[in-house]
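This is start02.cif. It holds mmCIF, C-alpha atoms.
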data_model
loop_
_atom_site.label_atom_id
_atom_site.label_comp_id
_atom_site.auth_asym_id
_atom_site.auth_seq_id
_atom_site.Cartn_x
_atom_site.Cartn_y
_atom_site.Cartn_z
CA MET O 1187 -10.40 28.49 -9.93
CA ARG O 1188 -10.57 26.49 -6.76
CA ILE O 1189 -13.60 24.37 -5.93
CA ILE O 1190 -14.43 23.18 -2.45
CA LYS O 1191 -16.41 20.00 -1.92
CA ARG O 1192 -17.57 18.47 1.33
CA LYS O 1193 -18.13 14.77 1.52
CA LEU O 1194 -17.91 12.35 4.40
CA PHE O 1195 -15.93 9.14 4.12
CA TRP O 1196 -15.19 6.92 7.10
CA ALA O 1197 -11.61 5.72 7.54
CA TRP O 1198 -12.45 2.21 6.31
CA GLN O 1199 -13.92 3.62 3.10
CA PHE O 1200 -10.61 4.90 1.78
CA GLU O 1201 -10.99 2.87 -1.44
CA LYS O 1202 -14.36 4.46 -2.09
CA GLU O 1203 -12.79 7.84 -1.37
CA GLU O 1204 -10.02 7.09 -3.90
CA ALA O 1205 -12.61 6.16 -6.51
CA TRP O 1206 -14.46 9.43 -5.89
CA LEU O 1207 -11.25 11.48 -6.23
CA ASN O 1208 -10.37 9.66 -9.45
CA GLU O 1209 -13.82 10.30 -10.89
CA ASN O 1210 -13.44 13.99 -10.10
CA SER O 1211 -10.02 14.04 -11.76
CA LYS O 1212 -11.45 12.40 -14.86
CA GLU O 1213 -13.85 15.36 -15.03
CA GLY O 1214 -10.98 17.82 -14.76
CA GLN O 1215 -11.17 18.53 -11.03
CA HIS O 1216 -7.99 17.54 -9.22
CA LEU O 1217 -7.64 17.37 -5.47
CA VAL O 1218 -4.92 19.73 -4.23
CA ALA O 1219 -5.63 19.99 -0.51
CA VAL O 1220 -7.59 18.00 2.02
CA SER O 1221 -8.73 18.54 5.61
CA PRO O 1222 -10.55 15.38 6.74
CA LEU O 1223 -11.54 16.89 10.08
CA GLN O 1224 -13.59 19.51 8.26
CA ILE O 1225 -14.54 16.93 5.62
CA LYS O 1226 -13.24 19.47 3.13
CA TYR O 1227 -11.68 18.72 -0.25
CA GLU O 1228 -10.14 21.43 -2.43
CA PHE O 1229 -9.91 20.93 -6.18
CA ASP O 1230 -8.11 22.75 -8.96
CA GLN O 1231 -9.69 22.79 -12.40
CA ASP O 1232 -7.75 21.75 -15.48
CA PRO O 1233 -9.62 19.72 -18.09
CA SER O 1234 -6.36 18.94 -19.93
CA LYS O 1235 -4.97 16.84 -17.06
CA GLU O 1236 -5.86 13.63 -15.28
CA TYR O 1237 -4.34 12.12 -12.17
CA THR O 1238 -4.65 8.80 -10.37
CA TYR O 1239 -5.20 9.29 -6.65
CA ARG O 1240 -4.31 6.81 -3.92
CA ILE O 1241 -4.75 6.99 -0.16
CA GLU O 1242 -2.37 5.12 2.11
CA PHE O 1243 -2.15 4.54 5.83
CA LEU O 1244 1.55 4.64 6.68
CA ASP O 1245 3.52 2.68 9.27
CA ASP O 1246 4.80 5.98 10.64
CA LEU O 1247 3.79 9.62 10.65
CA PRO O 1248 4.53 11.28 7.30
CA SER O 1249 6.73 13.79 9.14
CA SER O 1250 8.87 11.13 10.85
CA ARG O 1251 12.23 10.07 9.43
CA LYS O 1252 10.83 6.78 8.08
CA GLY O 1253 7.73 8.47 6.72
CA ARG O 1254 9.80 11.08 4.91
CA ASP O 1255 12.10 8.39 3.54
CA TYR O 1256 9.11 6.63 2.01
CA LEU O 1257 7.59 9.81 0.60
CA GLU O 1258 10.95 10.75 -0.97
CA PHE O 1259 11.09 7.30 -2.53
CA LEU O 1260 7.64 7.90 -3.98
CA GLU O 1261 8.70 11.29 -5.30
CA GLU O 1262 11.49 9.64 -7.30
CA LEU O 1263 8.74 7.58 -8.90
CA GLU O 1264 6.72 10.67 -9.89
CA VAL O 1265 4.24 10.22 -7.07
CA GLU O 1266 3.44 13.45 -5.25
CA GLN O 1267 1.92 13.90 -1.84
CA ILE O 1268 -0.91 16.41 -1.84
CA GLY O 1269 -2.00 16.12 1.76
CA SER O 1270 -1.93 14.12 4.93
CA TYR O 1271 -3.91 13.53 8.07
CA LEU O 1272 -2.26 11.73 11.00
CA ARG O 1273 -0.75 8.66 9.34
CA TRP O 1274 -2.96 8.93 6.24
CA VAL O 1275 -1.40 10.35 3.09
CA TYR O 1276 -3.10 11.46 -0.11
CA LEU O 1277 -0.98 10.68 -3.16
CA ARG O 1278 -1.34 11.22 -6.87
CA LYS O 1279 0.44 10.54 -10.12
CA ASP O 1280 -0.06 12.14 -13.51
CA LYS O 1281 -1.96 9.70 -15.74
CA ASP O 1282 0.40 10.50 -18.63
CA LYS O 1283 3.25 9.06 -16.58
CA GLY O 1284 1.65 5.66 -16.30
CA GLU O 1285 -0.58 3.53 -14.13
CA PHE O 1286 -0.48 4.11 -10.41
CA GLU O 1287 -1.12 1.42 -7.82
CA LEU O 1288 0.55 1.35 -4.43
CA HIS O 1289 0.59 -2.42 -4.02
CA SER O 1290 1.22 -4.95 -6.74
CA ASP O 1291 0.94 -8.17 -4.77
CA LEU O 1292 -1.53 -9.68 -2.34
CA ASP O 1293 0.91 -9.62 0.56
CA SER O 1294 1.45 -5.89 0.59
CA LYS O 1295 -2.28 -5.26 0.08
CA ILE O 1296 -3.03 -7.45 3.11
CA LYS O 1297 -0.37 -5.66 5.15
CA HIS O 1298 -1.95 -2.33 4.37
CA PHE O 1299 -5.46 -3.48 5.39
CA LYS O 1300 -4.01 -4.96 8.58
CA ARG O 1301 -2.34 -1.66 9.43
CA VAL O 1302 -5.69 0.10 9.10
CA ARG O 1303 -7.42 -2.60 11.13
CA VAL O 1304 -4.98 -2.18 14.02
CA LEU O 1305 -6.04 1.45 14.17
CA PHE O 1306 -9.60 0.35 15.03
CA LEU O 1307 -8.48 -2.51 17.22
CA VAL O 1308 -6.23 -0.54 19.59
CA LEU O 1309 -8.87 2.08 20.33
CA LEU O 1310 -11.80 -0.29 20.60
CA PRO O 1311 -11.28 -1.49 24.22
CA MET O 1312 -11.05 2.10 25.41
CA ILE O 1313 -14.20 3.04 23.53
CA ILE O 1314 -16.12 0.05 24.88
CA ILE O 1315 -15.05 0.79 28.48
CA ASN O 1316 -16.16 4.35 27.95
CA MET O 1317 -19.48 3.12 26.56
CA ILE O 1318 -20.09 0.83 29.55
CA ASN O 1319 -19.30 3.67 31.95
CA MET O 1320 -21.71 5.98 30.19
CA ILE O 1321 -24.46 3.36 30.14
CA ASN O 1322 -23.94 2.80 33.87
CA LEU O 1323 -24.05 6.53 34.48
CA PHE O 1324 -27.32 6.75 32.59
CA ASN O 1325 -28.78 3.86 34.59
CA ARG O 1326 -27.94 5.67 37.81
CA THR O 1327 -28.89 9.22 36.91
CA LYS O 1328 -31.50 8.83 34.14
CA ASN O 1329 -30.93 12.39 32.98
CA LEU O 1330 -30.77 13.79 29.46
CA PHE O 1331 -27.04 14.47 29.52
CA SER O 1332 -26.11 10.91 30.43
CA PHE O 1333 -28.63 9.61 27.90
CA LEU O 1334 -26.97 11.60 25.10
CA ALA O 1335 -23.47 10.69 26.30
CA ALA O 1336 -24.34 6.99 26.42
CA GLY O 1337 -25.94 7.19 22.97
CA LEU O 1338 -22.87 8.88 21.55
CA THR O 1339 -20.48 6.28 22.93
CA ILE O 1340 -22.66 3.49 21.52
CA ILE O 1341 -22.53 5.13 18.07
CA VAL O 1342 -18.75 5.56 18.25
CA ALA O 1343 -18.28 1.94 19.34
CA MET O 1344 -20.46 0.77 16.47
CA LEU O 1345 -18.42 2.82 13.98
CA PHE O 1346 -15.20 1.27 15.21
CA ILE O 1347 -16.66 -2.23 15.04
CA THR O 1348 -17.83 -1.52 11.49
CA GLY O 1349 -14.33 -0.35 10.54
CA PHE O 1350 -12.71 -3.36 12.13
CA SER O 1351 -15.01 -5.88 10.49
CA SER O 1352 -14.86 -4.15 7.12
CA MET O 1353 -11.05 -4.48 7.11
CA SER O 1354 -11.30 -8.05 8.43
CA SER O 1355 -13.52 -9.19 5.59
CA LYS O 1356 -11.19 -7.65 2.99
CA ILE O 1357 -8.22 -9.37 4.63
CA LYS O 1358 -10.05 -12.68 4.74
CA GLU O 1359 -10.89 -12.47 1.05
CA LEU O 1360 -7.27 -11.72 0.08
CA ASP O 1361 -5.92 -14.40 2.43
CA LEU O 1362 -8.06 -16.95 0.64
CA ASN O 1363 -6.58 -15.92 -2.70
CA LYS O 1364 -3.14 -16.05 -1.18
CA ASN O 1365 -3.47 -19.79 -0.73
CA ILE O 1366 -3.31 -19.94 -4.51
CA TRP O 1367 -1.64 -16.78 -5.81
CA GLU O 1368 0.83 -14.26 -4.48
CA MET P 120 17.77 -21.30 10.46
CA SER P 121 19.15 -20.42 7.08
CA ILE P 122 16.86 -18.36 4.90
CA LYS P 123 17.65 -20.73 2.07
CA ASN P 124 16.07 -23.74 3.75
CA ASN P 125 13.07 -22.08 5.27
CA ASN P 126 11.86 -20.14 2.26
CA PRO P 127 12.20 -22.32 -0.77
CA ALA P 128 10.23 -20.07 -3.10
CA LEU P 129 10.93 -16.39 -3.72
CA THR P 130 7.99 -14.20 -4.63
CA GLU P 131 7.90 -13.02 -8.20
CA ALA P 132 8.58 -9.44 -7.10
CA VAL P 133 11.60 -10.44 -5.01
CA TYR P 134 12.96 -12.70 -7.75
CA TYR P 135 12.89 -9.88 -10.28
CA ILE P 136 14.22 -7.29 -7.82
CA LEU P 137 17.22 -9.50 -6.99
CA LEU P 138 17.81 -10.24 -10.65
CA SER P 139 17.74 -6.51 -11.45
CA LEU P 140 20.17 -5.72 -8.63
CA LEU P 141 22.99 -7.79 -10.07
CA GLU P 142 23.77 -4.26 -11.30
CA PRO P 143 23.39 -1.30 -8.91
CA LEU P 144 20.05 0.44 -9.49
CA HIS P 145 17.69 2.85 -7.75
CA GLY P 146 13.95 2.28 -7.35
CA TYR P 147 12.94 3.74 -10.69
CA GLY P 148 15.65 1.72 -12.44
CA ILE P 149 14.39 -1.51 -10.88
CA ILE P 150 10.80 -0.85 -11.96
CA GLN P 151 11.87 -0.03 -15.52
CA ASN P 152 14.12 -3.07 -15.72
CA VAL P 153 11.38 -5.42 -14.53
CA ILE P 154 8.91 -3.91 -16.99
CA ASP P 155 11.42 -4.48 -19.82
CA LEU P 156 12.27 -8.03 -18.69
CA THR P 157 8.62 -9.07 -18.47
CA ASP P 158 7.37 -7.13 -21.47
CA ASN P 159 5.09 -4.96 -19.28
CA ARG P 160 3.57 -7.91 -17.43
CA VAL P 161 5.10 -7.10 -14.03
CA ASP P 162 4.83 -3.45 -13.01
CA LEU P 163 6.13 -3.23 -9.44
CA ALA P 164 4.03 -0.83 -7.41
CA PRO P 165 5.92 1.70 -5.26
CA GLY P 166 4.59 0.49 -1.90
CA THR P 167 5.37 -3.13 -2.70
CA LEU P 168 8.85 -2.29 -3.99
CA TYR P 169 9.68 -0.10 -1.00
CA GLY P 170 8.61 -2.81 1.45
CA ALA P 171 10.56 -5.46 -0.43
CA LEU P 172 13.73 -3.34 -0.60
CA ASN P 173 13.63 -2.70 3.15
CA THR P 174 13.05 -6.35 4.00
CA LEU P 175 15.73 -7.56 1.59
CA GLN P 176 18.21 -5.12 3.09
CA GLU P 177 17.30 -6.17 6.63
CA LYS P 178 17.83 -9.83 5.70
CA GLY P 179 21.16 -9.04 4.03
CA LEU P 180 20.17 -10.02 0.49
CA ILE P 181 20.86 -6.54 -0.86
CA LYS P 182 22.83 -3.54 0.37
CA PRO P 183 22.93 0.20 -0.33
CA TYR P 184 25.31 1.14 -3.11
CA GLN P 185 27.45 4.28 -2.97
CA SER P 186 27.37 5.72 -6.47
CA ASP P 187 29.84 8.28 -7.83
CA ASP P 188 27.29 10.79 -9.04
CA ASP P 189 25.93 12.94 -6.27
CA SER P 190 22.26 12.22 -6.92
CA ARG P 191 20.23 11.82 -3.75
CA ARG P 192 18.51 8.75 -5.07
CA LYS P 193 19.33 5.63 -3.13
CA GLU P 194 20.88 2.81 -5.10
CA TYR P 195 21.02 -0.84 -4.11
CA VAL P 196 23.03 -3.86 -5.19
CA ILE P 197 22.73 -7.60 -4.49
CA THR P 198 24.96 -9.24 -1.84
CA LYS P 199 26.78 -12.57 -1.99
CA LEU P 200 23.95 -14.12 0.06
CA GLY P 201 21.37 -12.62 -2.28
CA GLU P 202 23.12 -14.14 -5.28
CA GLU P 203 23.22 -17.56 -3.63
CA ILE P 204 19.52 -17.41 -2.85
CA LEU P 205 18.75 -16.27 -6.38
CA LEU P 206 20.69 -19.21 -7.81
CA THR P 207 18.92 -21.67 -5.52
CA ASP P 208 15.59 -20.31 -6.69
CA LEU P 209 16.65 -20.45 -10.32
CA SER P 210 17.24 -24.21 -10.09
CA ARG P 211 13.86 -24.57 -8.38
CA LEU P 212 12.22 -22.65 -11.21
CA LYS P 213 14.03 -24.78 -13.82
CA GLU P 214 12.60 -27.85 -12.15
CA LEU P 215 9.09 -26.36 -12.28
CA VAL P 216 9.43 -25.59 -15.98
CA LYS P 217 10.97 -28.99 -16.76
CA ASN P 218 8.12 -30.83 -15.04
CA GLY P 219 5.51 -28.54 -16.51
CA ASP P 220 6.85 -29.19 -19.98
CA LYS P 221 6.93 -32.90 -19.31
CA TYR P 222 3.25 -33.05 -18.31
CA LEU P 223 1.71 -30.26 -20.32
CA GLY P 224 4.13 -29.73 -23.17
CA GLY P 225 5.21 -32.96 -24.80
CA GLU P 226 5.81 -33.48 -28.48
CA ASP P 227 2.24 -33.07 -29.75
CA ASN P 228 1.94 -29.85 -27.81
CA GLU P 229 5.12 -28.02 -28.78
CA ASP P 230 3.54 -24.58 -28.91
CA TYR P 231 2.13 -24.74 -25.42
#
Please rewrite the model in this file as C-alpha coordinates.
Amino acid sequence: MRIIKRKLFWAWQFEKEEAWLNENSKEGQHLVAVSPLQIKYEFDQDPSKEYTYRIEFLDDLPSSRKGRDYLEFLEELEVEQIGSYLRWVYLRKDKDKGEFELHSDLDSKIKHFKRVRVLFLVLLPMIIINMINMINLFNRTKNLFSFLAAGLTIIVAMLFITGFSSMSSKIKELDLNKNIWE
Amino acid sequence: MSIKNNNPALTEAVYYILLSLLEPLHGYGIIQNVIDLTDNRVDLAPGTLYGALNTLQEKGLIKPYQSDDDSRRKEYVITKLGEEILLTDLSRLKELVKNGDKYLGGEDNEDY
(Lines of atoms letter the chains of each structure in order from A and count residues from 1; the text may use other names and numbers.)
(Lines give C-alpha, C1' and ligand atoms only; values in the text may rest on other atoms or scores of the structure.)
Protein backbone atom coordinates (compact mmCIF):
# COMPACT_ATOMS: atom_id res chain seq x y z
CA MET A 1 0.00 0.00 0.00
CA ARG A 2 1.30 3.40 -0.89
CA ILE A 3 1.44 6.19 1.68
CA ILE A 4 1.67 9.85 0.77
CA LYS A 5 3.28 12.31 3.15
CA ARG A 6 3.66 16.04 2.76
CA LYS A 7 6.48 17.80 4.49
CA LEU A 8 8.37 20.94 3.65
CA PHE A 9 12.15 21.01 3.60
CA TRP A 10 14.14 23.94 2.24
CA ALA A 11 16.99 23.16 -0.15
CA TRP A 12 19.64 23.80 2.52
CA GLN A 13 17.97 21.30 4.85
CA PHE A 14 18.75 18.29 2.69
CA GLU A 15 20.58 16.56 5.56
CA LYS A 16 17.53 16.94 7.78
CA GLU A 17 15.42 15.60 4.92
CA GLU A 18 17.75 12.58 4.61
CA ALA A 19 17.43 11.92 8.33
CA TRP A 20 13.63 12.05 8.07
CA LEU A 21 13.60 9.61 5.12
CA ASN A 22 15.91 7.24 7.00
CA GLU A 23 13.70 7.35 10.09
CA ASN A 24 10.70 6.48 7.93
CA SER A 25 12.61 3.60 6.35
CA LYS A 26 13.54 2.28 9.78
CA GLU A 27 9.80 2.12 10.48
CA GLY A 28 9.19 0.18 7.28
CA GLN A 29 8.14 3.07 5.04
CA HIS A 30 10.46 3.51 2.09
CA LEU A 31 10.44 6.49 -0.22
CA VAL A 32 9.75 5.45 -3.82
CA ALA A 33 8.80 8.72 -5.50
CA VAL A 34 9.22 12.38 -4.72
CA SER A 35 7.82 15.63 -6.12
CA PRO A 36 9.43 18.51 -4.22
CA LEU A 37 7.32 21.14 -5.96
CA GLN A 38 4.20 19.60 -4.45
CA ILE A 39 6.14 18.79 -1.27
CA LYS A 40 4.91 15.24 -1.80
CA TYR A 41 6.68 12.06 -0.74
CA GLU A 42 5.40 8.60 -1.68
CA PHE A 43 6.30 5.61 0.45
CA ASP A 44 5.96 1.87 0.00
CA GLN A 45 5.43 -0.26 3.08
CA ASP A 46 7.63 -3.27 3.81
CA PRO A 47 8.61 -3.85 7.43
CA SER A 48 11.15 -6.51 6.39
CA LYS A 49 13.38 -4.00 4.57
CA GLU A 50 15.47 -0.98 5.46
CA TYR A 51 17.25 1.46 3.19
CA THR A 52 19.72 4.28 3.68
CA TYR A 53 18.67 7.40 1.80
CA ARG A 54 20.97 10.15 0.57
CA ILE A 55 20.23 13.36 -1.30
CA GLU A 56 22.84 14.85 -3.59
CA PHE A 57 23.09 18.02 -5.63
CA LEU A 58 24.87 17.05 -8.85
CA ASP A 59 27.31 19.02 -10.98
CA ASP A 60 25.05 18.38 -13.97
CA LEU A 61 21.45 17.50 -14.65
CA PRO A 62 20.74 13.82 -13.94
CA SER A 63 19.59 13.44 -17.55
CA SER A 64 22.80 14.87 -19.05
CA ARG A 65 25.60 12.61 -20.29
CA LYS A 66 27.78 13.33 -17.24
CA GLY A 67 24.86 12.96 -14.86
CA ARG A 68 23.90 9.61 -16.36
CA ASP A 69 27.51 8.46 -16.22
CA TYR A 70 27.58 9.16 -12.49
CA LEU A 71 24.23 7.51 -11.82
CA GLU A 72 25.34 4.40 -13.75
CA PHE A 73 28.48 4.32 -11.64
CA LEU A 74 26.31 4.43 -8.53
CA GLU A 75 24.12 1.64 -9.88
CA GLU A 76 27.17 -0.62 -10.15
CA LEU A 77 27.62 0.03 -6.44
CA GLU A 78 24.04 -1.03 -5.61
CA VAL A 79 22.86 2.55 -5.22
CA GLU A 80 19.53 3.22 -6.90
CA GLN A 81 18.03 6.51 -7.90
CA ILE A 82 14.42 6.85 -6.81
CA GLY A 83 13.76 10.39 -7.93
CA SER A 84 15.19 13.69 -8.99
CA TYR A 85 14.35 17.36 -9.09
CA LEU A 86 16.46 19.69 -11.24
CA ARG A 87 20.01 18.78 -10.23
CA TRP A 88 18.92 17.11 -6.97
CA VAL A 89 18.83 13.32 -6.88
CA TYR A 90 17.30 11.04 -4.27
CA LEU A 91 19.36 7.89 -3.79
CA ARG A 92 19.07 4.81 -1.64
CA LYS A 93 20.89 1.61 -0.84
CA ASP A 94 19.60 -1.54 0.82
CA LYS A 95 20.89 -1.64 4.40
CA ASP A 96 21.71 -5.34 4.00
CA LYS A 97 24.23 -4.39 1.33
CA GLY A 98 26.24 -2.21 3.65
CA GLU A 99 26.67 1.32 4.88
CA PHE A 100 25.88 4.12 2.48
CA GLU A 101 27.57 7.51 2.53
CA LEU A 102 28.19 9.58 -0.58
CA HIS A 103 31.36 11.27 0.63
CA SER A 104 34.09 9.69 2.68
CA ASP A 105 36.49 12.60 3.01
CA LEU A 106 36.24 16.23 4.03
CA ASP A 107 37.19 17.51 0.60
CA SER A 108 34.31 15.93 -1.26
CA LYS A 109 31.88 16.93 1.50
CA ILE A 110 33.05 20.54 1.19
CA LYS A 111 32.73 20.40 -2.60
CA HIS A 112 29.16 19.24 -2.29
CA PHE A 113 28.19 22.04 0.13
CA LYS A 114 29.91 24.56 -2.14
CA ARG A 115 27.90 23.32 -5.12
CA VAL A 116 24.69 23.88 -3.17
CA ARG A 117 25.88 27.29 -2.01
CA VAL A 118 26.53 28.44 -5.59
CA LEU A 119 22.88 27.70 -6.30
CA PHE A 120 21.87 30.37 -3.77
CA LEU A 121 24.67 32.72 -4.71
CA VAL A 122 23.96 32.95 -8.45
CA LEU A 123 20.28 33.77 -7.96
CA LEU A 124 20.74 36.14 -5.05
CA PRO A 125 21.68 39.33 -7.01
CA MET A 126 18.64 38.89 -9.24
CA ILE A 127 16.38 38.40 -6.24
CA ILE A 128 17.78 41.44 -4.46
CA ILE A 129 17.37 43.65 -7.55
CA ASN A 130 13.82 42.41 -7.82
CA MET A 131 13.26 43.18 -4.14
CA ILE A 132 14.60 46.74 -4.49
CA ASN A 133 12.38 47.32 -7.53
CA MET A 134 9.32 46.09 -5.66
CA ILE A 135 10.11 48.22 -2.62
CA ASN A 136 10.50 51.26 -4.88
CA LEU A 137 7.23 50.44 -6.59
CA PHE A 138 5.51 50.25 -3.22
CA ASN A 139 7.00 53.59 -2.17
CA ARG A 140 5.60 55.20 -5.30
CA THR A 141 2.18 53.59 -5.47
CA LYS A 142 1.41 52.61 -1.86
CA ASN A 143 -1.19 50.12 -3.00
CA LEU A 144 -1.96 46.65 -1.67
CA PHE A 145 -0.59 44.80 -4.68
CA SER A 146 2.82 46.44 -4.50
CA PHE A 147 2.85 45.94 -0.73
CA LEU A 148 2.30 42.19 -1.14
CA ALA A 149 4.79 41.96 -4.01
CA ALA A 150 7.45 43.79 -2.01
CA GLY A 151 6.77 41.60 1.03
CA LEU A 152 7.08 38.47 -1.07
CA THR A 153 10.41 39.49 -2.58
CA ILE A 154 11.76 40.31 0.88
CA ILE A 155 10.77 36.83 2.10
CA VAL A 156 12.37 35.15 -0.92
CA ALA A 157 15.57 37.16 -0.48
CA MET A 158 15.70 36.19 3.18
CA LEU A 159 15.27 32.50 2.31
CA PHE A 160 18.15 32.66 -0.14
CA ILE A 161 20.36 34.44 2.38
CA THR A 162 19.49 31.78 4.96
CA GLY A 163 20.41 29.03 2.49
CA PHE A 164 23.66 30.72 1.58
CA SER A 165 24.75 31.31 5.16
CA SER A 166 23.69 27.85 6.28
CA MET A 167 25.95 26.28 3.63
CA SER A 168 28.72 28.77 4.45
CA SER A 169 28.80 27.84 8.12
CA LYS A 170 28.96 24.12 7.29
CA ILE A 171 31.81 24.77 4.86
CA LYS A 172 33.65 26.88 7.41
CA GLU A 173 33.39 24.15 10.03
CA LEU A 174 34.73 21.49 7.64
CA ASP A 175 37.48 23.79 6.37
CA LEU A 176 38.69 24.20 9.93
CA ASN A 177 38.91 20.44 10.34
CA LYS A 178 40.68 20.21 7.02
CA ASN A 179 43.64 22.08 8.45
CA ILE A 180 44.21 18.98 10.53
CA TRP A 181 42.53 16.02 8.82
CA GLU A 182 41.56 15.11 5.29
CA MET B 1 54.96 22.46 -12.76
CA SER B 2 55.26 18.76 -12.20
CA ILE B 3 52.52 17.22 -10.10
CA LYS B 4 55.22 15.42 -8.16
CA ASN B 5 56.78 18.59 -6.79
CA ASN B 6 53.66 20.55 -6.10
CA ASN B 7 51.67 17.91 -4.27
CA PRO B 8 53.98 16.07 -1.97
CA ALA B 9 51.27 14.21 -0.09
CA LEU B 10 48.57 12.05 -1.67
CA THR B 11 45.27 11.80 0.13
CA GLU B 12 44.56 8.48 1.76
CA ALA B 13 41.78 7.78 -0.74
CA VAL B 14 44.01 8.53 -3.74
CA TYR B 15 46.90 6.50 -2.32
CA TYR B 16 44.71 3.43 -1.93
CA ILE B 17 42.98 3.92 -5.28
CA LEU B 18 46.34 4.08 -7.08
CA LEU B 19 47.63 1.09 -5.16
CA SER B 20 44.51 -0.89 -6.11
CA LEU B 21 44.84 0.06 -9.78
CA LEU B 22 48.21 -1.62 -10.22
CA GLU B 23 45.74 -4.25 -11.46
CA PRO B 24 42.81 -3.20 -13.68
CA LEU B 25 39.65 -2.84 -11.59
CA HIS B 26 36.20 -1.25 -11.78
CA GLY B 27 34.69 0.93 -9.06
CA TYR B 28 33.24 -1.89 -7.01
CA GLY B 29 36.54 -3.79 -7.21
CA ILE B 30 38.47 -0.77 -5.92
CA ILE B 31 36.13 -0.32 -2.95
CA GLN B 32 36.34 -4.01 -2.04
CA ASN B 33 40.11 -4.06 -2.39
CA VAL B 34 40.55 -1.02 -0.15
CA ILE B 35 38.21 -2.50 2.45
CA ASP B 36 40.28 -5.71 2.43
CA LEU B 37 43.62 -3.87 2.56
CA THR B 38 42.57 -1.70 5.50
CA ASP B 39 40.56 -4.32 7.34
CA ASN B 40 37.32 -2.30 6.93
CA ARG B 41 38.85 0.95 8.14
CA VAL B 42 38.64 2.78 4.80
CA ASP B 43 35.31 2.40 3.00
CA LEU B 44 35.47 4.68 -0.05
CA ALA B 45 32.13 6.39 -0.59
CA PRO B 46 30.78 6.39 -4.16
CA GLY B 47 30.79 10.19 -4.61
CA THR B 48 34.34 10.50 -3.33
CA LEU B 49 35.57 7.60 -5.47
CA TYR B 50 33.86 8.89 -8.60
CA GLY B 51 35.36 12.36 -8.16
CA ALA B 52 38.82 10.93 -7.49
CA LEU B 53 38.70 8.61 -10.53
CA ASN B 54 37.74 11.50 -12.82
CA THR B 55 40.45 13.78 -11.46
CA LEU B 56 43.10 11.07 -11.60
CA GLN B 57 42.19 10.31 -15.19
CA GLU B 58 42.26 14.01 -16.12
CA LYS B 59 45.73 14.34 -14.56
CA GLY B 60 46.97 11.22 -16.35
CA LEU B 61 47.62 9.11 -13.26
CA ILE B 62 45.15 6.43 -14.34
CA LYS B 63 43.53 5.48 -17.64
CA PRO B 64 40.49 3.49 -18.76
CA TYR B 65 41.20 -0.19 -19.30
CA GLN B 66 39.65 -2.16 -22.15
CA SER B 67 38.72 -5.52 -20.67
CA ASP B 68 37.97 -8.66 -22.71
CA ASP B 69 34.63 -9.44 -21.13
CA ASP B 70 31.82 -7.34 -22.54
CA SER B 71 30.58 -6.00 -19.21
CA ARG B 72 29.55 -2.36 -19.37
CA ARG B 73 31.38 -1.56 -16.18
CA LYS B 74 34.26 0.80 -16.66
CA GLU B 75 37.65 -0.46 -15.59
CA TYR B 76 40.73 1.61 -14.83
CA VAL B 77 44.43 0.94 -14.52
CA ILE B 78 47.38 3.01 -13.25
CA THR B 79 49.68 4.80 -15.74
CA LYS B 80 53.47 5.09 -15.69
CA LEU B 81 53.10 8.58 -14.18
CA GLY B 82 50.71 7.25 -11.57
CA GLU B 83 53.20 4.57 -10.56
CA GLU B 84 55.99 7.13 -10.24
CA ILE B 85 53.85 9.35 -8.03
CA LEU B 86 52.82 6.38 -5.92
CA LEU B 87 56.46 5.42 -5.40
CA THR B 88 57.40 8.98 -4.45
CA ASP B 89 54.61 8.99 -1.88
CA LEU B 90 55.64 5.60 -0.56
CA SER B 91 59.10 6.89 0.34
CA ARG B 92 57.48 9.92 1.98
CA LEU B 93 55.27 7.62 4.03
CA LYS B 94 58.26 5.46 5.00
CA GLU B 95 59.96 8.58 6.30
CA LEU B 96 56.87 9.47 8.35
CA VAL B 97 56.75 6.01 9.89
CA LYS B 98 60.51 5.93 10.53
CA ASN B 99 60.41 9.27 12.35
CA GLY B 100 57.24 8.38 14.19
CA ASP B 101 58.82 5.18 15.43
CA LYS B 102 61.95 7.05 16.43
CA TYR B 103 60.05 9.54 18.61
CA LEU B 104 57.07 7.55 19.78
CA GLY B 105 58.17 3.96 19.43
CA GLY B 106 61.62 3.32 20.80
CA GLU B 107 62.73 0.23 22.65
CA ASP B 108 60.63 0.61 25.80
CA ASN B 109 57.56 1.16 23.68
CA GLU B 110 57.77 -1.70 21.21
CA ASP B 111 54.04 -2.37 21.10
CA TYR B 112 53.11 1.18 20.22
On this file, the PyMOL selection byres ((chain O) within 7 of (chain P)) gives some set of residues; write that set as a PyMOL selection string. chain O and resi 1260+1262-1263+1287-1290+1294
Those same residues - C-alpha atoms - I'd like them written as a PDB file, keeping the file's coordinate frame.
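again.pdb written:
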ATOM      1  CA  LEU O1260       7.640   7.900  -3.980  1.00  0.00           C
ATOM      2  CA  GLU O1262      11.490   9.640  -7.300  1.00  0.00           C
ATOM      3  CA  LEU O1263       8.740   7.580  -8.900  1.00  0.00           C
ATOM      4  CA  GLU O1287      -1.120   1.420  -7.820  1.00  0.00           C
ATOM      5  CA  LEU O1288       0.550   1.350  -4.430  1.00  0.00           C
ATOM      6  CA  HIS O1289       0.590  -2.420  -4.020  1.00  0.00           C
ATOM      7  CA  SER O1290       1.220  -4.950  -6.740  1.00  0.00           C
ATOM      8  CA  SER O1294       1.450  -5.890   0.590  1.00  0.00           C
TER       9      SER O1294
END
Mind dumping a table of every segment 1230-1249 of chain O residue within 12 Å of segment 1303-1326 of chain O, with the nearest atom pair and its distance in Å to one decimal, using all atoms listed in the file, sorted by chain and rising number, as a tab-separated table?
residue	atom	partner	partner_atom	distance
O:Phe1243	CA	O:Leu1305	CA	9.7
O:Leu1244	CA	O:Leu1305	CA	11.1
O:Asp1245	CA	O:Leu1305	CA	10.8
Hits from the PyMOL selection byres ((chain O and resi 1221-1232) around 6), listed as a PyMOL selection string: chain O and resi 1188-1194+1214-1220+1233-1235
Using the chain letters and numbers from the file, which residues does the PyMOL selection byres ((chain O and resi 1240) around 10) grab, as a list in words? Phe1200, Glu1201, Glu1203, Glu1204, Ala1205, Leu1207, Asn1208, Tyr1237, Thr1238, Tyr1239, Ile1241, Glu1242, Val1265, Gln1267, Val1275, Tyr1276, Leu1277, Arg1278, Lys1279, Phe1286, Glu1287 and Leu1288 of chain O
Can you tell me how far atom CA of Lys1300 of chain O sits from atom CA of Ser1351 of chain O, in Å to one decimal? 11.2 Å
Pairwise distance for atom CA of Ser1352 of chain O and atom CA of Leu1292 of chain O, rounded to one decimal in Å: 17.3 Å
